[in-house]
Amino acid sequence: MEFVDSHCHLNLMPSEMDIDKVIENALNNGIIRIMVPGINIETSLQAIKLAEKYQMVYAAIGIHPNEADNWKEVSFKILEELSQHPKVKAIGEIGLDFYRDHVPPSIQIHVFKEQMKLSEISGLPIIVHSRNAIAEVIKYIIEWKHSKIIDVNGPSGVIHSFEGNLINAKQIISQNFLIGIGGPVTYKNSIDKHEICRDFPANSIVLETDSPFLAPHPHRGKTNEPANIKFIAEKIAILSEKPLKWIAQETTKNANKLFAWEQ
Ligand SMILES: [Zn+2]
C-alpha cells in the first residue's frame with residue numbers, strides 16, 4: 001500500500017530527531033511522498049532544502065497566519081521567486097487563526113488574500129490553516145474563486161487538519177477543495193471528524209500527519225512522524241466501512257492530483 005503525507009513539518013522537527021531515520025521509517029511504512037509546508041520565509045527555505053535533499057519530499061512556501069505580522073511588501077516578491085523552484089508544489093501554509101490571536105484579524109486577512117493572489121499567479125494550489133475561523137476561511141475562498149480569471153485544472157487547494165463539520169466540508173468540497181484528515185480523527189472526542197469520514201465523497205480527502213504535532217492514537221502526546229499515517233488511514237477505513245487498501249489508493253490519488261508532482 002502507498003500513502004502520501006500531505007502535511008508534515010520536517011522543517012519543525014525537534015533537533016534530536018534524525019531526519020534520515022524519519023525518512024527511512026516513512027519509506028518502510030509505504031509513504032511515497034511528503035509535503036513540507038513553510039510557516040514563514042525561513043522555514044519555507046528549509047522546506048525547499050529538504051526537498052532538494054530527499055527525492056520523496058516536496059515543499060510548500062508561505063506565511064502562516066500566526067506569523068502574518070512579519071509580512072512586508074517585499075514578502076510577495078520573495079515568495080513569488082521561491083514558488084518557481086521545481087519542487088515547490090503549493091502555497092502554504094496560509095489562512096486564518098482566531099484561536100491563538102497572535103496577530104490582529106485584519107492583518108491575517110490581508111496576508112491570506114495576498115497569498116491567494118500568489119497562488120493564482122503561480123498556478124499552485126493553496127494549503128490552508130484554519131483555527132476557530134472556518135466560516136471566514138470559506139467566505140474568503142468563495143470570494144477568491146469568484147474573482148479568479150484563470151482556474152487551475154486540479155483542486156484549488158486543501159484545508160489542512162480540517163476543523164469544520166460535515167456541512168462546512170460539503171461547502172468547501174463544492175469549491176473544488178480537498179480536506180486534510182490527520183491524527184485527531186483517531187481521538188475519541190472528534191465527533192465532527194468521525195461524521196465526515198463516515199459520509200465523505202472518496203475524491204475529497206487527503207491524509208496528513210502534521211508532524212511533529214498531533215500524533216494519532218496510540219502515540220498521542222509523542223513526537224509525530226509520517227510513518228504514523230497508517231493509524232489515520234486505518235481509522236478512516238473503519239469509519240467509512242471501506243477496505244484500508246482502497247483508502248490508501250483514493251487518498252494517494254487525491255494528493256497526486258492536488259500537488260501535480262511527478263508520479
Ligand atoms: Zn502545519
# chains A, B, ... in the order shown; residues from 1 in each chain; ligands from 1
$ residues_near_ligand --ligand "ligand 1" --cutoff "9 Å" --atoms "only C-alpha atoms and all ligand atoms" --output "PyMOL selection string"
chain A and resi 7-9+36-39+64+92-93+127-129+160-161+210-211+213
$ residues_around --residues "Lys170 in chain A" --least-positions-apart "6" --cutoff "10 Å" --atoms "only C-alpha atoms" --output "list in words"
Gly164, Phe177, Leu178, Ile179, Ile196, Phe200, Pro201 and Ser204 of chain A
$ residues_around --residues "Asn28 in chain A" --least-positions-apart "4" --cutoff "12 Å" --atoms "only C-alpha atoms" --output "ChimeraX atom specification"
/A:1-3,21-24,32,226-230
$ write_last_selection --atoms "N, CA and C atoms" --output "PDB file, in the first residue's frame"
ATOM      1  N   MET A   1       0.828  -1.204   0.000  1.00  0.00           N
ATOM      2  CA  MET A   1       0.000   0.000   0.000  1.00  0.00           C
ATOM      3  C   MET A   1       0.861   1.253   0.000  1.00  0.00           C
ATOM      4  N   GLU A   2       0.400   2.252  -0.731  1.00  0.00           N
ATOM      5  CA  GLU A   2       1.149   3.507  -0.826  1.00  0.00           C
ATOM      6  C   GLU A   2       0.341   4.665  -0.243  1.00  0.00           C
ATOM      7  N   PHE A   3       1.020   5.468   0.550  1.00  0.00           N
ATOM      8  CA  PHE A   3       0.372   6.619   1.191  1.00  0.00           C
ATOM      9  C   PHE A   3       1.131   7.905   0.861  1.00  0.00           C
ATOM     10  N   LYS A  21      16.482   9.083   9.478  1.00  0.00           N
ATOM     11  CA  LYS A  21      15.762   7.966  10.087  1.00  0.00           C
ATOM     12  C   LYS A  21      14.232   8.126   9.883  1.00  0.00           C
ATOM     13  N   VAL A  22      13.764   9.352  10.031  1.00  0.00           N
ATOM     14  CA  VAL A  22      12.329   9.638   9.837  1.00  0.00           C
ATOM     15  C   VAL A  22      11.919   9.280   8.400  1.00  0.00           C
ATOM     16  N   ILE A  23      12.781   9.629   7.445  1.00  0.00           N
ATOM     17  CA  ILE A  23      12.514   9.325   6.024  1.00  0.00           C
ATOM     18  C   ILE A  23      12.538   7.809   5.804  1.00  0.00           C
ATOM     19  N   GLU A  24      13.503   7.147   6.403  1.00  0.00           N
ATOM     20  CA  GLU A  24      13.612   5.692   6.257  1.00  0.00           C
ATOM     21  C   GLU A  24      12.368   4.999   6.834  1.00  0.00           C
ATOM     22  N   ILE A  32       5.031   7.375   0.088  1.00  0.00           N
ATOM     23  CA  ILE A  32       5.781   7.605  -1.155  1.00  0.00           C
ATOM     24  C   ILE A  32       6.105   9.079  -1.397  1.00  0.00           C
ATOM     25  N   PRO A 226       5.811  10.863   9.822  1.00  0.00           N
ATOM     26  CA  PRO A 226       4.993  10.369   8.708  1.00  0.00           C
ATOM     27  C   PRO A 226       4.648   8.880   8.800  1.00  0.00           C
ATOM     28  N   ALA A 227       5.528   8.072   9.384  1.00  0.00           N
ATOM     29  CA  ALA A 227       5.256   6.627   9.490  1.00  0.00           C
ATOM     30  C   ALA A 227       3.922   6.356  10.189  1.00  0.00           C
ATOM     31  N   ASN A 228       3.434   7.312  10.976  1.00  0.00           N
ATOM     32  CA  ASN A 228       2.167   7.123  11.706  1.00  0.00           C
ATOM     33  C   ASN A 228       0.927   7.293  10.830  1.00  0.00           C
ATOM     34  N   ILE A 229       1.097   7.562   9.562  1.00  0.00           N
ATOM     35  CA  ILE A 229      -0.064   7.817   8.696  1.00  0.00           C
ATOM     36  C   ILE A 229      -1.015   6.612   8.694  1.00  0.00           C
ATOM     37  N   LYS A 230      -0.471   5.422   8.887  1.00  0.00           N
ATOM     38  CA  LYS A 230      -1.318   4.208   8.815  1.00  0.00           C
ATOM     39  C   LYS A 230      -2.407   4.197   9.895  1.00  0.00           C
TER      40      LYS A 230
END
$ residues_around --residues "range 95-101 of chain A" --least-positions-apart "2" --cutoff "7 Å" --atoms "only C-alpha atoms" --output "list in words"
His64, Pro65, Asn66, Glu93, Val103, Pro104, Gln108, Ile109, Phe112, Val128, His129, Ser130, Arg131, Asn132, Ala133 and Val137 of chain A
$ select_by_dssp --residues "range 79-250 of chain A" --states "alpha helix (DSSP H)" --output "ChimeraX atom specification"
/A:79-82,105-122,134-147,166-173,191-198,229-240,244-250
$ residues_around --residues "Ser83 in chain A" --least-positions-apart "4" --cutoff "12 Å" --atoms "only C-alpha atoms" --output "PyMOL selection string"
chain A and resi 38+41+44-45+47-48+58-62+76-79+87-92+115+118-126
$ write_last_selection --atoms "C-alpha atoms" --output "mmCIF file, in the first residue's frame"
data_model
loop_
_atom_site.group_PDB
_atom_site.id
_atom_site.type_symbol
_atom_site.label_atom_id
_atom_site.label_comp_id
_atom_site.auth_asym_id
_atom_site.auth_seq_id
_atom_site.Cartn_x
_atom_site.Cartn_y
_atom_site.Cartn_z
ATOM 1 C CA GLY A 38 6.612 26.558 5.443
ATOM 2 C CA ILE A 41 10.261 32.659 4.818
ATOM 3 C CA SER A 44 9.897 27.819 3.552
ATOM 4 C CA LEU A 45 13.576 27.885 2.578
ATOM 5 C CA ALA A 47 11.317 23.039 3.210
ATOM 6 C CA ILE A 48 12.978 23.624 -0.168
ATOM 7 C CA TYR A 58 8.224 18.339 -1.795
ATOM 8 C CA ALA A 59 7.851 21.873 -0.483
ATOM 9 C CA ALA A 60 5.148 24.475 0.028
ATOM 10 C CA ILE A 61 6.069 28.084 0.703
ATOM 11 C CA GLY A 62 4.073 30.656 2.613
ATOM 12 C CA PHE A 76 5.241 38.757 -2.053
ATOM 13 C CA LYS A 77 8.260 39.071 -4.375
ATOM 14 C CA ILE A 78 10.367 36.707 -2.258
ATOM 15 C CA LEU A 79 7.633 34.069 -2.187
ATOM 16 C CA LYS A 87 9.974 21.078 -6.110
ATOM 17 C CA VAL A 88 7.631 23.762 -4.781
ATOM 18 C CA LYS A 89 4.133 22.409 -5.419
ATOM 19 C CA ALA A 90 1.887 24.588 -3.248
ATOM 20 C CA ILE A 91 1.498 27.925 -1.456
ATOM 21 C CA GLY A 92 1.218 27.239 2.267
ATOM 22 C CA GLN A 115 -1.015 34.725 -0.873
ATOM 23 C CA LEU A 118 0.239 34.397 -5.434
ATOM 24 C CA SER A 119 -1.498 31.049 -5.969
ATOM 25 C CA GLU A 120 -3.278 32.488 -8.959
ATOM 26 C CA ILE A 121 -0.068 33.901 -10.458
ATOM 27 C CA SER A 122 1.999 30.765 -9.818
ATOM 28 C CA GLY A 123 -0.742 28.268 -10.720
ATOM 29 C CA LEU A 124 -0.040 26.408 -7.464
ATOM 30 C CA PRO A 125 -2.778 25.196 -5.084
ATOM 31 C CA ILE A 126 -3.055 26.569 -1.539
#
$ closest_residue --among "A:Met13, A:Ala255, A:Leu207, A:Cys197" --to "Ala237 in chain A" --atoms "only C-alpha atoms"
A:Cys197
$ atom_distance --atom1 "CA of Ala202 in chain A" --atom2 "CA of Asp5 in chain A"
17.0 Å
$ residues_around --residues "Lys193 in chain A" --least-positions-apart "3" --cutoff "10 Å" --atoms "only C-alpha atoms" --output "list of chain:residue names"
A:Ser161, A:Phe162, A:Glu163, A:Gly164, A:Asn165, A:Leu166, A:Ala169, A:Ile181, A:Gly182, A:Pro184, A:Val185, A:Thr186, A:Tyr187, A:Asn189, A:Ser190, A:Ile196, A:Cys197, A:Arg198, A:Ile236, A:Leu239
$ write_last_selection --atoms "N, CA and C atoms" --output "compact mmCIF listing (two decimals), in the first residue's frame"
# COMPACT_ATOMS: atom_id res chain seq x y z
N SER A 161 -5.82 19.77 8.34
CA SER A 161 -6.33 19.47 9.69
C SER A 161 -7.75 20.05 9.84
N PHE A 162 -8.62 19.60 8.98
CA PHE A 162 -9.94 20.21 8.82
C PHE A 162 -10.68 20.31 10.15
N GLU A 163 -11.13 21.52 10.48
CA GLU A 163 -11.74 21.75 11.80
C GLU A 163 -13.26 21.84 11.75
N GLY A 164 -13.86 21.82 10.54
CA GLY A 164 -15.29 22.08 10.45
C GLY A 164 -16.15 20.84 10.61
N ASN A 165 -17.45 21.05 10.43
CA ASN A 165 -18.39 19.92 10.49
C ASN A 165 -18.71 19.45 9.07
N LEU A 166 -19.64 18.51 8.97
CA LEU A 166 -19.97 17.92 7.67
C LEU A 166 -20.52 18.98 6.69
N ALA A 169 -17.66 20.91 5.39
CA ALA A 169 -16.88 20.05 4.48
C ALA A 169 -17.53 20.05 3.10
N ILE A 181 -7.21 15.15 6.60
CA ILE A 181 -7.58 14.45 7.83
C ILE A 181 -6.30 13.90 8.46
N GLY A 182 -6.13 14.19 9.75
CA GLY A 182 -4.91 13.77 10.45
C GLY A 182 -5.20 13.08 11.77
N PRO A 184 -6.09 13.78 14.81
CA PRO A 184 -7.28 13.98 15.65
C PRO A 184 -8.46 13.06 15.31
N VAL A 185 -8.53 12.54 14.07
CA VAL A 185 -9.64 11.63 13.73
C VAL A 185 -9.58 10.35 14.59
N THR A 186 -8.41 10.06 15.13
CA THR A 186 -8.27 8.84 15.96
C THR A 186 -8.64 9.11 17.42
N TYR A 187 -8.93 10.39 17.75
CA TYR A 187 -9.27 10.72 19.14
C TYR A 187 -10.77 10.50 19.36
N ASN A 189 -13.05 12.05 21.08
CA ASN A 189 -14.00 13.16 21.11
C ASN A 189 -14.15 13.91 19.79
N SER A 190 -13.52 13.41 18.71
CA SER A 190 -13.56 14.13 17.42
C SER A 190 -14.83 13.77 16.64
N ILE A 196 -17.63 13.21 9.22
CA ILE A 196 -17.14 13.49 7.87
C ILE A 196 -16.59 12.22 7.22
N CYS A 197 -15.83 11.44 7.98
CA CYS A 197 -15.21 10.25 7.41
C CYS A 197 -16.23 9.16 7.10
N ARG A 198 -17.34 9.15 7.81
CA ARG A 198 -18.40 8.18 7.52
C ARG A 198 -19.09 8.50 6.21
N ILE A 236 -9.97 5.83 9.34
CA ILE A 236 -10.89 6.24 8.27
C ILE A 236 -11.54 5.01 7.63
N LEU A 239 -14.28 3.86 9.99
CA LEU A 239 -15.42 4.78 9.99
C LEU A 239 -16.24 4.69 8.70
$ atom_distance --atom1 "CA of Gln175 in chain A" --atom2 "CA of Ile94 in chain A"
17.2 Å
$ decode --residues "range 39-192 of chain A" --atoms "C-alpha atoms" --output "PDB file, in the first residue's frame"
ATOM      1  CA  ILE A  39       5.224  28.866   8.124  1.00  0.00           C
ATOM      2  CA  ASN A  40       7.464  31.849   7.278  1.00  0.00           C
ATOM      3  CA  ILE A  41      10.261  32.659   4.818  1.00  0.00           C
ATOM      4  CA  GLU A  42      12.937  30.870   6.837  1.00  0.00           C
ATOM      5  CA  THR A  43      11.003  27.590   7.196  1.00  0.00           C
ATOM      6  CA  SER A  44       9.897  27.819   3.552  1.00  0.00           C
ATOM      7  CA  LEU A  45      13.576  27.885   2.578  1.00  0.00           C
ATOM      8  CA  GLN A  46      14.180  24.920   4.898  1.00  0.00           C
ATOM      9  CA  ALA A  47      11.317  23.039   3.210  1.00  0.00           C
ATOM     10  CA  ILE A  48      12.978  23.624  -0.168  1.00  0.00           C
ATOM     11  CA  LYS A  49      16.348  22.416   1.199  1.00  0.00           C
ATOM     12  CA  LEU A  50      14.697  19.209   2.468  1.00  0.00           C
ATOM     13  CA  ALA A  51      13.012  18.730  -0.918  1.00  0.00           C
ATOM     14  CA  GLU A  52      16.378  19.095  -2.629  1.00  0.00           C
ATOM     15  CA  LYS A  53      17.926  16.516  -0.303  1.00  0.00           C
ATOM     16  CA  TYR A  54      15.199  13.830  -0.334  1.00  0.00           C
ATOM     17  CA  GLN A  55      13.568  12.720  -3.555  1.00  0.00           C
ATOM     18  CA  MET A  56      10.224  11.884  -1.875  1.00  0.00           C
ATOM     19  CA  VAL A  57       9.954  15.316  -0.220  1.00  0.00           C
ATOM     20  CA  TYR A  58       8.224  18.339  -1.795  1.00  0.00           C
ATOM     21  CA  ALA A  59       7.851  21.873  -0.483  1.00  0.00           C
ATOM     22  CA  ALA A  60       5.148  24.475   0.028  1.00  0.00           C
ATOM     23  CA  ILE A  61       6.069  28.084   0.703  1.00  0.00           C
ATOM     24  CA  GLY A  62       4.073  30.656   2.613  1.00  0.00           C
ATOM     25  CA  ILE A  63       3.404  32.748   5.705  1.00  0.00           C
ATOM     26  CA  HIS A  64       1.249  31.167   8.436  1.00  0.00           C
ATOM     27  CA  PRO A  65      -1.480  33.379   9.977  1.00  0.00           C
ATOM     28  CA  ASN A  66       0.329  33.348  13.331  1.00  0.00           C
ATOM     29  CA  GLU A  67       3.359  34.847  11.538  1.00  0.00           C
ATOM     30  CA  ALA A  68       1.377  37.298   9.435  1.00  0.00           C
ATOM     31  CA  ASP A  69       2.666  40.375  11.289  1.00  0.00           C
ATOM     32  CA  ASN A  70       6.063  39.661   9.687  1.00  0.00           C
ATOM     33  CA  TRP A  71       4.556  40.285   6.252  1.00  0.00           C
ATOM     34  CA  LYS A  72       6.243  43.109   4.321  1.00  0.00           C
ATOM     35  CA  GLU A  73       5.612  44.413   0.832  1.00  0.00           C
ATOM     36  CA  VAL A  74       8.741  42.581  -0.331  1.00  0.00           C
ATOM     37  CA  SER A  75       7.412  39.243   1.030  1.00  0.00           C
ATOM     38  CA  PHE A  76       5.241  38.757  -2.053  1.00  0.00           C
ATOM     39  CA  LYS A  77       8.260  39.071  -4.375  1.00  0.00           C
ATOM     40  CA  ILE A  78      10.367  36.707  -2.258  1.00  0.00           C
ATOM     41  CA  LEU A  79       7.633  34.069  -2.187  1.00  0.00           C
ATOM     42  CA  GLU A  80       6.991  34.507  -5.901  1.00  0.00           C
ATOM     43  CA  GLU A  81      10.637  33.737  -6.612  1.00  0.00           C
ATOM     44  CA  LEU A  82      10.593  30.693  -4.312  1.00  0.00           C
ATOM     45  CA  SER A  83       7.408  29.440  -5.992  1.00  0.00           C
ATOM     46  CA  GLN A  84       9.371  28.897  -9.197  1.00  0.00           C
ATOM     47  CA  HIS A  85      11.563  26.186  -7.658  1.00  0.00           C
ATOM     48  CA  PRO A  86      10.746  22.865  -9.389  1.00  0.00           C
ATOM     49  CA  LYS A  87       9.974  21.078  -6.110  1.00  0.00           C
ATOM     50  CA  VAL A  88       7.631  23.762  -4.781  1.00  0.00           C
ATOM     51  CA  LYS A  89       4.133  22.409  -5.419  1.00  0.00           C
ATOM     52  CA  ALA A  90       1.887  24.588  -3.248  1.00  0.00           C
ATOM     53  CA  ILE A  91       1.498  27.925  -1.456  1.00  0.00           C
ATOM     54  CA  GLY A  92       1.218  27.239   2.267  1.00  0.00           C
ATOM     55  CA  GLU A  93       0.560  27.183   4.867  1.00  0.00           C
ATOM     56  CA  ILE A  94      -1.658  30.233   4.796  1.00  0.00           C
ATOM     57  CA  GLY A  95      -5.014  31.083   6.329  1.00  0.00           C
ATOM     58  CA  LEU A  96      -6.646  32.407   9.484  1.00  0.00           C
ATOM     59  CA  ASP A  97      -6.148  31.572  13.159  1.00  0.00           C
ATOM     60  CA  PHE A  98      -8.584  33.287  15.528  1.00  0.00           C
ATOM     61  CA  TYR A  99      -7.766  30.860  18.332  1.00  0.00           C
ATOM     62  CA  ARG A 100      -4.262  31.953  19.196  1.00  0.00           C
ATOM     63  CA  ASP A 101      -4.900  35.599  18.471  1.00  0.00           C
ATOM     64  CA  HIS A 102      -1.187  36.340  17.869  1.00  0.00           C
ATOM     65  CA  VAL A 103      -1.935  38.702  15.006  1.00  0.00           C
ATOM     66  CA  PRO A 104      -4.919  41.064  14.523  1.00  0.00           C
ATOM     67  CA  PRO A 105      -7.552  39.551  12.180  1.00  0.00           C
ATOM     68  CA  SER A 106      -7.300  42.429   9.669  1.00  0.00           C
ATOM     69  CA  ILE A 107      -3.582  41.688   9.122  1.00  0.00           C
ATOM     70  CA  GLN A 108      -4.227  37.942   8.858  1.00  0.00           C
ATOM     71  CA  ILE A 109      -6.933  38.523   6.249  1.00  0.00           C
ATOM     72  CA  HIS A 110      -4.691  40.831   4.185  1.00  0.00           C
ATOM     73  CA  VAL A 111      -1.806  38.324   4.193  1.00  0.00           C
ATOM     74  CA  PHE A 112      -4.167  35.432   3.373  1.00  0.00           C
ATOM     75  CA  LYS A 113      -5.576  37.335   0.383  1.00  0.00           C
ATOM     76  CA  GLU A 114      -2.122  38.347  -0.880  1.00  0.00           C
ATOM     77  CA  GLN A 115      -1.015  34.725  -0.873  1.00  0.00           C
ATOM     78  CA  MET A 116      -4.190  33.586  -2.640  1.00  0.00           C
ATOM     79  CA  LYS A 117      -3.161  36.087  -5.326  1.00  0.00           C
ATOM     80  CA  LEU A 118       0.239  34.397  -5.434  1.00  0.00           C
ATOM     81  CA  SER A 119      -1.498  31.049  -5.969  1.00  0.00           C
ATOM     82  CA  GLU A 120      -3.278  32.488  -8.959  1.00  0.00           C
ATOM     83  CA  ILE A 121      -0.068  33.901 -10.458  1.00  0.00           C
ATOM     84  CA  SER A 122       1.999  30.765  -9.818  1.00  0.00           C
ATOM     85  CA  GLY A 123      -0.742  28.268 -10.720  1.00  0.00           C
ATOM     86  CA  LEU A 124      -0.040  26.408  -7.464  1.00  0.00           C
ATOM     87  CA  PRO A 125      -2.778  25.196  -5.084  1.00  0.00           C
ATOM     88  CA  ILE A 126      -3.055  26.569  -1.539  1.00  0.00           C
ATOM     89  CA  ILE A 127      -2.631  24.737   1.778  1.00  0.00           C
ATOM     90  CA  VAL A 128      -4.952  26.420   4.255  1.00  0.00           C
ATOM     91  CA  HIS A 129      -4.711  26.558   8.038  1.00  0.00           C
ATOM     92  CA  SER A 130      -8.000  27.381   9.776  1.00  0.00           C
ATOM     93  CA  ARG A 131      -8.458  27.556  13.523  1.00  0.00           C
ATOM     94  CA  ASN A 132     -11.673  28.946  15.020  1.00  0.00           C
ATOM     95  CA  ALA A 133     -12.112  30.568  11.630  1.00  0.00           C
ATOM     96  CA  ILE A 134     -13.762  28.061   9.268  1.00  0.00           C
ATOM     97  CA  ALA A 135     -16.720  30.311   8.349  1.00  0.00           C
ATOM     98  CA  GLU A 136     -14.390  33.206   7.464  1.00  0.00           C
ATOM     99  CA  VAL A 137     -11.973  30.926   5.593  1.00  0.00           C
ATOM    100  CA  ILE A 138     -14.829  29.556   3.466  1.00  0.00           C
ATOM    101  CA  LYS A 139     -16.124  33.090   2.856  1.00  0.00           C
ATOM    102  CA  TYR A 140     -12.745  34.371   1.591  1.00  0.00           C
ATOM    103  CA  ILE A 141     -12.162  31.272  -0.510  1.00  0.00           C
ATOM    104  CA  ILE A 142     -15.542  31.687  -2.232  1.00  0.00           C
ATOM    105  CA  GLU A 143     -14.768  35.384  -2.819  1.00  0.00           C
ATOM    106  CA  TRP A 144     -11.386  34.478  -4.271  1.00  0.00           C
ATOM    107  CA  LYS A 145     -12.751  31.724  -6.505  1.00  0.00           C
ATOM    108  CA  HIS A 146     -15.354  34.101  -7.917  1.00  0.00           C
ATOM    109  CA  SER A 147     -12.756  36.776  -8.670  1.00  0.00           C
ATOM    110  CA  LYS A 148     -10.304  34.397 -10.346  1.00  0.00           C
ATOM    111  CA  ILE A 149      -9.815  34.829 -14.062  1.00  0.00           C
ATOM    112  CA  ILE A 150      -7.902  31.608 -14.608  1.00  0.00           C
ATOM    113  CA  ASP A 151      -8.613  28.491 -12.582  1.00  0.00           C
ATOM    114  CA  VAL A 152      -6.230  25.569 -12.187  1.00  0.00           C
ATOM    115  CA  ASN A 153      -7.189  22.215 -13.681  1.00  0.00           C
ATOM    116  CA  GLY A 154      -6.835  20.219 -10.481  1.00  0.00           C
ATOM    117  CA  PRO A 155      -8.101  21.028  -6.976  1.00  0.00           C
ATOM    118  CA  SER A 156      -7.618  24.660  -5.874  1.00  0.00           C
ATOM    119  CA  GLY A 157      -6.234  23.614  -2.514  1.00  0.00           C
ATOM    120  CA  VAL A 158      -6.678  21.768   0.749  1.00  0.00           C
ATOM    121  CA  ILE A 159      -7.953  22.790   4.171  1.00  0.00           C
ATOM    122  CA  HIS A 160      -5.432  21.046   6.329  1.00  0.00           C
ATOM    123  CA  SER A 161      -6.330  19.470   9.688  1.00  0.00           C
ATOM    124  CA  PHE A 162      -9.939  20.209   8.815  1.00  0.00           C
ATOM    125  CA  GLU A 163     -11.736  21.746  11.800  1.00  0.00           C
ATOM    126  CA  GLY A 164     -15.292  22.083  10.448  1.00  0.00           C
ATOM    127  CA  ASN A 165     -18.387  19.921  10.493  1.00  0.00           C
ATOM    128  CA  LEU A 166     -19.972  17.924   7.666  1.00  0.00           C
ATOM    129  CA  ILE A 167     -21.845  20.979   6.319  1.00  0.00           C
ATOM    130  CA  ASN A 168     -18.600  23.013   6.171  1.00  0.00           C
ATOM    131  CA  ALA A 169     -16.883  20.046   4.480  1.00  0.00           C
ATOM    132  CA  LYS A 170     -19.531  19.932   1.765  1.00  0.00           C
ATOM    133  CA  GLN A 171     -19.274  23.730   1.247  1.00  0.00           C
ATOM    134  CA  ILE A 172     -15.533  23.565   0.769  1.00  0.00           C
ATOM    135  CA  ILE A 173     -15.620  20.463  -1.444  1.00  0.00           C
ATOM    136  CA  SER A 174     -18.062  22.305  -3.725  1.00  0.00           C
ATOM    137  CA  GLN A 175     -15.312  24.938  -4.215  1.00  0.00           C
ATOM    138  CA  ASN A 176     -13.009  22.235  -5.627  1.00  0.00           C
ATOM    139  CA  PHE A 177     -11.060  21.963  -2.368  1.00  0.00           C
ATOM    140  CA  LEU A 178      -9.896  18.859  -0.519  1.00  0.00           C
ATOM    141  CA  ILE A 179      -9.974  18.272   3.191  1.00  0.00           C
ATOM    142  CA  GLY A 180      -6.954  17.084   5.164  1.00  0.00           C
ATOM    143  CA  ILE A 181      -7.577  14.455   7.830  1.00  0.00           C
ATOM    144  CA  GLY A 182      -4.912  13.772  10.448  1.00  0.00           C
ATOM    145  CA  GLY A 183      -4.258  12.393  13.923  1.00  0.00           C
ATOM    146  CA  PRO A 184      -7.280  13.975  15.651  1.00  0.00           C
ATOM    147  CA  VAL A 185      -9.638  11.627  13.731  1.00  0.00           C
ATOM    148  CA  THR A 186      -8.272   8.844  15.959  1.00  0.00           C
ATOM    149  CA  TYR A 187      -9.274  10.715  19.138  1.00  0.00           C
ATOM    150  CA  LYS A 188     -12.493   9.664  20.869  1.00  0.00           C
ATOM    151  CA  ASN A 189     -13.997  13.161  21.113  1.00  0.00           C
ATOM    152  CA  SER A 190     -13.563  14.128  17.422  1.00  0.00           C
ATOM    153  CA  ILE A 191     -17.278  13.703  16.660  1.00  0.00           C
ATOM    154  CA  ASP A 192     -17.352  16.038  13.610  1.00  0.00           C
TER     155      ASP A 192
END
